[in-house]
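K.L.:
Pasting in a structure now, in structure tokens, and then I'll have a few things to ask.
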Amino acid sequence: MLELKNIYKTFNPGSINEKRALNGINLTLEDGDFVTIIGGNGAGKSTMLNAIAGVWPVDSGSVIIDGEDITKLPEHKRAKYLGRVFQDPMNGTAADMEIEENLAVAKQTRTLRWGITKKEREEYVELLKPLDLGLETRLRAKVGLLSGGQRQALTLLMATLKKPKLLLLDEHTAALDPKTAAKVLELSDKIIAEHNLTALMVTHN
């Protein structure tokens with residue numbers, strides 16, 4: 001499902017700041033796999049996810065998803081394959097927009113200028129209920145007013161709404177307190193299992 005073949009990436013090559021971040025990385029994930037990669041700061045975990053997402057080009061090697069070589073595709077063209085949740089709860093959502101507006105953008109079913117229909121609002125309530133965070137009663141609340149855990153749970157839901165082929169979890173509980181982190185991990189397991197997603201998570205050791 002996901003294949004990384006001999007991926008190399010060096011930052012600032014030829015300078016005193018040269019850093020080899022990825023050195024011949026090979027990785028294979030099958031459909032439905034949920035794999036966690038553990039490592040310390042500077043180990044290249046986020047660099048690897050950025051290579052998959054196309055944040056910048058790799059020096060050499062191949063990135064293959066579902067049998068399609070996407071190595072040369074720019075980041076925006078890879079978005080249809082991927083969902084991603086970042087370490088910072090402030091990423092992945094629009095703080096100045098309401099919860100329901102964020103969900104509407106994630107679903108990409110209509111432009112916001114036409115408003116959100118009653119049917120769509122009912123759908124969002126049903127989507128949020130299983131999170132058990134009370135968000136289904138706060139559809140009109142600005143996302144910036146949510147706690148870090150609530151926001152990260154919402155980001156996770158948004159990242160999986162369109163059932164991506166691959167979900168990337170980039171230390172997505174690192175900024176949360178232990179209790180909230182455990183809740184978000186539990187939600188991650190539940191959502192991944194329910195949608196039968198393939199997921200790759202990186203975390204600290």
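Residue names in the structure tokens use chain letters A, B, ... in the order shown, residue numbers from 1 in each chain, and ligand numbers from 1 in the order shown.
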List every residue of stretch 70-189 of chain A that DSSP, applied to the backbone, labels as helix (DSSP H, G or I), and write the result as a PyMOL selection string.
P.N.:
chain A and resi 75-78+99-107+112-114+118-131+135-137+143-145+148-160+178-189
K.L.:
With only C-alpha atoms counted and 8 Å as the cut-off, give the residues of stretch 39-126 of chain A in contact with stretch 142-151 of chain A, each with its shortest interatomic distance in Å and the pair that gives it, as CSV.
P.N.:
```
residue,atom,partner,partner_atom,distance
A:Pro89,CA,A:Gly148,CA,5.6
A:Met90,CA,A:Arg151,CA,7.5
A:Thr93,CA,A:Val143,CA,7.4
A:Ala94,CA,A:Val143,CA,6.8
A:Ala95,CA,A:Gly144,CA,4.1
A:Asp96,CA,A:Lys142,CA,5.9
A:Met97,CA,A:Lys142,CA,5.4
A:Glu98,CA,A:Lys142,CA,4.2
A:Ile99,CA,A:Val143,CA,5.6
```
K.L.:
Based on the selection just made, write N, CA, C and O atoms of those residues as an mmCIF file, in the first residue's frame.
P.N.:
```cif
data_model
loop_
_atom_site.group_PDB
_atom_site.id
_atom_site.type_symbol
_atom_site.label_atom_id
_atom_site.label_comp_id
_atom_site.auth_asym_id
_atom_site.auth_seq_id
_atom_site.Cartn_x
_atom_site.Cartn_y
_atom_site.Cartn_z
ATOM 1 N N PRO A 89 -1.686 21.245 18.134
ATOM 2 C CA PRO A 89 -3.149 21.263 17.934
ATOM 3 C C PRO A 89 -3.633 22.471 17.141
ATOM 4 O O PRO A 89 -4.767 22.472 16.651
ATOM 5 N N MET A 90 -2.796 23.510 17.022
ATOM 6 C CA MET A 90 -3.198 24.697 16.270
ATOM 7 C C MET A 90 -3.141 24.457 14.760
ATOM 8 O O MET A 90 -3.695 25.228 13.994
ATOM 9 N N THR A 93 -6.641 22.973 11.647
ATOM 10 C CA THR A 93 -7.958 23.586 11.753
ATOM 11 C C THR A 93 -7.812 25.097 11.608
ATOM 12 O O THR A 93 -6.721 25.637 11.768
ATOM 13 N N ALA A 94 -8.920 25.777 11.340
ATOM 14 C CA ALA A 94 -8.927 27.240 11.235
ATOM 15 C C ALA A 94 -9.526 27.812 12.514
ATOM 16 O O ALA A 94 -10.726 27.656 12.774
ATOM 17 N N ALA A 95 -8.712 28.466 13.327
ATOM 18 C CA ALA A 95 -9.123 28.920 14.657
ATOM 19 C C ALA A 95 -10.271 29.912 14.618
ATOM 20 O O ALA A 95 -11.132 29.915 15.511
ATOM 21 N N ASP A 96 -10.311 30.758 13.594
ATOM 22 C CA ASP A 96 -11.327 31.813 13.531
ATOM 23 C C ASP A 96 -12.642 31.338 12.916
ATOM 24 O O ASP A 96 -13.596 32.113 12.812
ATOM 25 N N MET A 97 -12.692 30.084 12.496
ATOM 26 C CA MET A 97 -13.911 29.528 11.919
ATOM 27 C C MET A 97 -14.606 28.626 12.929
ATOM 28 O O MET A 97 -13.985 28.105 13.855
ATOM 29 N N GLU A 98 -15.911 28.456 12.752
ATOM 30 C CA GLU A 98 -16.695 27.613 13.649
ATOM 31 C C GLU A 98 -16.390 26.132 13.394
ATOM 32 O O GLU A 98 -15.860 25.762 12.348
ATOM 33 N N ILE A 99 -16.759 25.297 14.365
ATOM 34 C CA ILE A 99 -16.558 23.853 14.227
ATOM 35 C C ILE A 99 -17.230 23.346 12.954
ATOM 36 O O ILE A 99 -16.629 22.623 12.164
#
```
K.L.:
For a quick check of understanding, using only C-alpha atoms, which of A:Ala53, A:Leu166, A:Val125, A:Leu187 has the smallest distance to A:Asp66?
P.N.:
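Checking each candidate against A:Asp66, we get A:Leu166 as the closest.
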K.L.:
Name all residues at most 9 Å from A:Ile7 (count only C-alpha atoms; drop same-chain ones fewer than 3 positions away) and give them as a ChimeraX atom specification.
P.N.:
/A:4,22-26,48,51,58-63
K.L.:
Those same residues - N, CA and C atoms - I'd like them written as a PDB file, in the first residue's frame.
P.N.:
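File written: part_18.pdb
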```pdb
ATOM      1  N   LEU A   4       8.280   2.953   0.617  1.00  0.00           N
ATOM      2  CA  LEU A   4       9.387   3.895   0.527  1.00  0.00           C
ATOM      3  C   LEU A   4      10.601   3.086   0.097  1.00  0.00           C
ATOM      4  N   LEU A  22      17.708  11.612   5.982  1.00  0.00           N
ATOM      5  CA  LEU A  22      17.230  10.279   5.621  1.00  0.00           C
ATOM      6  C   LEU A  22      18.320   9.588   4.826  1.00  0.00           C
ATOM      7  N   ASN A  23      18.668   8.391   5.247  1.00  0.00           N
ATOM      8  CA  ASN A  23      19.818   7.697   4.664  1.00  0.00           C
ATOM      9  C   ASN A  23      19.400   6.307   4.168  1.00  0.00           C
ATOM     10  N   GLY A  24      18.799   6.277   2.988  1.00  0.00           N
ATOM     11  CA  GLY A  24      18.405   4.998   2.402  1.00  0.00           C
ATOM     12  C   GLY A  24      17.239   4.334   3.119  1.00  0.00           C
ATOM     13  N   ILE A  25      16.180   5.108   3.398  1.00  0.00           N
ATOM     14  CA  ILE A  25      15.020   4.582   4.126  1.00  0.00           C
ATOM     15  C   ILE A  25      14.193   3.660   3.234  1.00  0.00           C
ATOM     16  N   ASN A  26      13.861   2.483   3.762  1.00  0.00           N
ATOM     17  CA  ASN A  26      12.953   1.545   3.100  1.00  0.00           C
ATOM     18  C   ASN A  26      11.843   1.175   4.082  1.00  0.00           C
ATOM     19  N   MET A  48      10.677  12.079   7.390  1.00  0.00           N
ATOM     20  CA  MET A  48      10.135  10.967   6.613  1.00  0.00           C
ATOM     21  C   MET A  48       8.679  11.242   6.219  1.00  0.00           C
ATOM     22  N   ALA A  51       8.550  13.681   3.514  1.00  0.00           N
ATOM     23  CA  ALA A  51       8.920  13.066   2.231  1.00  0.00           C
ATOM     24  C   ALA A  51       7.709  12.384   1.611  1.00  0.00           C
ATOM     25  N   VAL A  58      12.600  14.605  -2.445  1.00  0.00           N
ATOM     26  CA  VAL A  58      13.690  13.785  -1.919  1.00  0.00           C
ATOM     27  C   VAL A  58      14.866  13.852  -2.897  1.00  0.00           C
ATOM     28  N   ASP A  59      16.051  13.556  -2.384  1.00  0.00           N
ATOM     29  CA  ASP A  59      17.236  13.568  -3.251  1.00  0.00           C
ATOM     30  C   ASP A  59      17.217  12.378  -4.205  1.00  0.00           C
ATOM     31  N   SER A  60      16.818  11.224  -3.686  1.00  0.00           N
ATOM     32  CA  SER A  60      16.704  10.031  -4.512  1.00  0.00           C
ATOM     33  C   SER A  60      15.795   9.033  -3.808  1.00  0.00           C
ATOM     34  N   GLY A  61      15.333   8.041  -4.566  1.00  0.00           N
ATOM     35  CA  GLY A  61      14.413   7.053  -4.024  1.00  0.00           C
ATOM     36  C   GLY A  61      13.000   7.261  -4.544  1.00  0.00           C
ATOM     37  N   SER A  62      12.088   6.398  -4.098  1.00  0.00           N
ATOM     38  CA  SER A  62      10.712   6.423  -4.604  1.00  0.00           C
ATOM     39  C   SER A  62       9.709   6.362  -3.466  1.00  0.00           C
ATOM     40  N   VAL A  63       8.598   7.094  -3.653  1.00  0.00           N
ATOM     41  CA  VAL A  63       7.446   7.041  -2.751  1.00  0.00           C
ATOM     42  C   VAL A  63       6.276   6.499  -3.561  1.00  0.00           C
TER      43      VAL A  63
END
```
K.L.:
To one decimal place, how far is atom CA of A:Ile65 from atom CA of A:Asn41 in Å?
P.N.:
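Answer for the atom CA of A:Ile65 to atom CA of A:Asn41 separation: 26.8 Å.
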K.L.:
So the first atom is atom CA of A:Gly14 and the second is atom CA of A:Ala43; what is the distance between them in Å, to one decimal place?
P.N.:
20.7 Å
